[in-house]
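Comments concern the structure below.
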Amino acid sequence: MAALAFRARAVWAGTVPRQVPRALRGLSGAANDSSVDELNRELAELHGIGTAPQEEPLKQPDAPRPTADSRHAERQAHAPVMPQQPQESPLSTSLTHVDDSGRARMVDVSQKPHTARTAVAGARVMLGRTVFDLIQQNAMKKGDVLSVAQLAGVMGAKQTASLIPLCHPLSLSNVEVKLALLADFHALNITVTASTVGQTGVEMEALTGASIAALTVYDMCKAVSRELKITDIRLLHKSGGRSGDWTCSS
């Protein structure tokens, strides 16, 4: 029996089989020898035969729960790209006609592109009933007040650079002067539209045209009344240029 156990140990010392050899299992059952059975158990435990532990599959880490920020980022990533709308450039917060030392200067517009620009300005002359009736009847001694004022508005717009020191001389494309008698107020309404294709706006041309037209009405009518009042000289609308379109709110 000792020789048999020694032989079994020699067999196991060679190559390690995945299962207990049939010869040993049969020998253990045929001889009914407890020593052989004990030897077989020891060999099986020594070499891990039989019920070798199975490797557990790797556990996948749990996916992180979506947060409000992650859901927002996902929606943004899949959102359609909308074309950006052009934004109107804000007005300057500093005086452009003053240099760093506080001295007056003309603004350099040489780097600006030539674009179509339009400006509309208005003025009103409060006439009173007597003067209003004379203008309406074209009975003023100096002549046709409305026709002369209309021409004066055009000429005034063209002379803006000569009257306003830091204005750029512009090549005006058009100047239109409209006059309207307001019976309810005994007043004359003046509207001047100036247009150009250039590197700077025509707001001053429109304002100057409206102002000169109003002053001309005063000059034509001052012999009858010195109570005439010039009011509401203001810019009504402008378009073109870096700052885009603008319209007076009142």
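Convention: chains lettered A, B, ... in structure tokens order; per-chain residue numbering from 1; ligands numbered from 1 as shown.
For region 155-167 of chain A, the residues within 9 Å (counting only C-alpha atoms, excluding itself and residues fewer than 5 positions away along the chain) are His97, Ala104, Arg105, Met106, Val107, Gln150, Leu172, Val175, Val192, Ala194, Met204, Glu205, Ala206, Leu207, Thr208, Gly209, Ala210, Ser211, Ile212 and Ala213 of chain A.
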Go ahead and save the picked residues with all heavy atoms, as a compact mmCIF listing (two decimals), in the first residue's frame.
```txt
# COMPACT_ATOMS: atom_id res chain seq x y z
N HIS A 97 -15.16 114.51 -31.24
CA HIS A 97 -14.53 115.72 -31.77
C HIS A 97 -13.54 116.35 -30.78
O HIS A 97 -13.16 117.50 -30.93
CB HIS A 97 -15.59 116.76 -32.16
CG HIS A 97 -16.31 116.41 -33.41
ND1 HIS A 97 -17.38 115.57 -33.42
CD2 HIS A 97 -16.11 116.77 -34.71
CE1 HIS A 97 -17.83 115.43 -34.67
NE2 HIS A 97 -17.08 116.16 -35.47
N ALA A 104 -10.34 120.53 -29.63
CA ALA A 104 -11.27 120.16 -30.71
C ALA A 104 -10.50 119.64 -31.92
O ALA A 104 -9.39 120.07 -32.21
CB ALA A 104 -12.10 121.38 -31.10
N ARG A 105 -11.11 118.68 -32.61
CA ARG A 105 -10.49 118.10 -33.79
C ARG A 105 -11.57 117.62 -34.75
O ARG A 105 -12.72 117.39 -34.36
CB ARG A 105 -9.61 116.91 -33.42
CG ARG A 105 -10.43 115.77 -32.80
CD ARG A 105 -9.68 114.48 -32.72
NE ARG A 105 -10.54 113.41 -32.25
CZ ARG A 105 -10.15 112.14 -32.14
NH1 ARG A 105 -8.91 111.80 -32.44
NH2 ARG A 105 -10.99 111.21 -31.71
N MET A 106 -11.20 117.44 -36.00
CA MET A 106 -12.08 116.82 -36.97
C MET A 106 -11.83 115.30 -36.94
O MET A 106 -10.68 114.86 -36.91
CB MET A 106 -11.83 117.36 -38.38
CG MET A 106 -12.70 116.70 -39.45
SD MET A 106 -12.43 117.35 -41.10
CE MET A 106 -13.35 118.88 -41.01
N VAL A 107 -12.91 114.54 -36.96
CA VAL A 107 -12.78 113.08 -36.89
C VAL A 107 -12.24 112.55 -38.21
O VAL A 107 -12.70 112.94 -39.29
CB VAL A 107 -14.14 112.44 -36.56
CG1 VAL A 107 -14.04 110.92 -36.55
CG2 VAL A 107 -14.66 112.95 -35.23
N GLN A 150 -38.23 127.12 -48.92
CA GLN A 150 -37.86 125.81 -49.49
C GLN A 150 -36.48 125.87 -50.13
O GLN A 150 -35.64 124.99 -49.92
CB GLN A 150 -38.92 125.39 -50.49
CG GLN A 150 -38.78 123.94 -50.96
CD GLN A 150 -39.96 123.52 -51.82
OE1 GLN A 150 -40.56 124.37 -52.52
NE2 GLN A 150 -40.32 122.25 -51.76
N LEU A 172 -23.64 115.80 -51.50
CA LEU A 172 -25.02 115.38 -51.25
C LEU A 172 -25.65 114.81 -52.51
O LEU A 172 -25.52 115.38 -53.60
CB LEU A 172 -25.85 116.56 -50.75
CG LEU A 172 -25.46 117.09 -49.36
CD1 LEU A 172 -26.25 118.36 -49.05
CD2 LEU A 172 -25.69 116.04 -48.29
N VAL A 175 -31.41 116.67 -51.55
CA VAL A 175 -31.96 117.41 -50.41
C VAL A 175 -33.41 117.73 -50.75
O VAL A 175 -33.68 118.36 -51.78
CB VAL A 175 -31.18 118.70 -50.10
CG1 VAL A 175 -31.86 119.45 -48.95
CG2 VAL A 175 -29.74 118.41 -49.77
N VAL A 192 -36.88 118.23 -43.62
CA VAL A 192 -35.77 118.20 -44.58
C VAL A 192 -35.16 116.81 -44.58
O VAL A 192 -34.81 116.27 -43.52
CB VAL A 192 -34.70 119.25 -44.23
CG1 VAL A 192 -33.52 119.15 -45.21
CG2 VAL A 192 -35.29 120.65 -44.26
N ALA A 194 -32.00 114.65 -46.25
CA ALA A 194 -30.72 114.73 -46.95
C ALA A 194 -30.16 113.33 -47.16
O ALA A 194 -30.29 112.47 -46.28
CB ALA A 194 -29.72 115.57 -46.15
N MET A 204 -26.24 116.37 -39.80
CA MET A 204 -26.04 117.82 -39.68
C MET A 204 -26.56 118.57 -40.89
O MET A 204 -27.07 119.70 -40.77
CB MET A 204 -24.56 118.14 -39.45
CG MET A 204 -24.02 117.66 -38.11
SD MET A 204 -25.01 118.26 -36.71
CE MET A 204 -24.92 120.03 -36.95
N GLU A 205 -26.47 117.97 -42.05
CA GLU A 205 -26.99 118.61 -43.27
C GLU A 205 -28.51 118.75 -43.19
O GLU A 205 -29.07 119.80 -43.55
CB GLU A 205 -26.59 117.80 -44.50
CG GLU A 205 -25.15 117.97 -44.94
CD GLU A 205 -24.14 117.39 -43.97
OE1 GLU A 205 -24.52 116.52 -43.15
OE2 GLU A 205 -22.96 117.80 -44.00
N ALA A 206 -29.19 117.70 -42.71
CA ALA A 206 -30.64 117.78 -42.59
C ALA A 206 -31.05 118.80 -41.53
O ALA A 206 -31.98 119.60 -41.72
CB ALA A 206 -31.20 116.39 -42.24
N LEU A 207 -30.33 118.80 -40.39
CA LEU A 207 -30.64 119.75 -39.32
C LEU A 207 -30.36 121.19 -39.74
O LEU A 207 -31.14 122.11 -39.43
CB LEU A 207 -29.82 119.40 -38.07
CG LEU A 207 -30.29 118.16 -37.30
CD1 LEU A 207 -29.20 117.71 -36.32
CD2 LEU A 207 -31.59 118.46 -36.55
N THR A 208 -29.27 121.39 -40.46
CA THR A 208 -28.95 122.75 -40.92
C THR A 208 -29.97 123.24 -41.93
O THR A 208 -30.41 124.41 -41.90
CB THR A 208 -27.54 122.78 -41.53
OG1 THR A 208 -26.59 122.35 -40.55
CG2 THR A 208 -27.18 124.18 -42.00
N GLY A 209 -30.38 122.35 -42.84
CA GLY A 209 -31.40 122.72 -43.82
C GLY A 209 -32.70 123.13 -43.16
O GLY A 209 -33.32 124.14 -43.54
N ALA A 210 -33.14 122.37 -42.13
CA ALA A 210 -34.38 122.70 -41.43
C ALA A 210 -34.23 124.02 -40.67
O ALA A 210 -35.18 124.85 -40.65
CB ALA A 210 -34.74 121.57 -40.47
N SER A 211 -33.08 124.26 -40.09
CA SER A 211 -32.86 125.49 -39.32
C SER A 211 -32.86 126.72 -40.23
O SER A 211 -33.47 127.76 -39.91
CB SER A 211 -31.54 125.40 -38.56
OG SER A 211 -31.54 124.30 -37.66
N ILE A 212 -32.16 126.62 -41.36
CA ILE A 212 -32.09 127.76 -42.29
C ILE A 212 -33.46 128.06 -42.89
O ILE A 212 -33.84 129.23 -43.09
CB ILE A 212 -31.05 127.50 -43.38
CG1 ILE A 212 -29.66 127.36 -42.77
CG2 ILE A 212 -31.08 128.58 -44.45
CD1 ILE A 212 -29.20 128.61 -42.03
N ALA A 213 -34.24 127.00 -43.19
CA ALA A 213 -35.59 127.22 -43.72
C ALA A 213 -36.44 127.95 -42.70
O ALA A 213 -37.20 128.88 -43.04
CB ALA A 213 -36.21 125.89 -44.11
```
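Comparing the minimum interatomic distances between Thr247 (chain A) and each of A:Asp232, A:Ala119, A:Leu134, A:Arg41, counting only C-alpha atoms, we find that A:Ala119 sits nearest.
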- Quick one: distance from CA of Gln199 (chain A) to CA of Asn174 (chain A) in Å, one decimal?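 About the pair CA of Gln199 (chain A) and CA of Asn174 (chain A): they are 16.0 Å apart.
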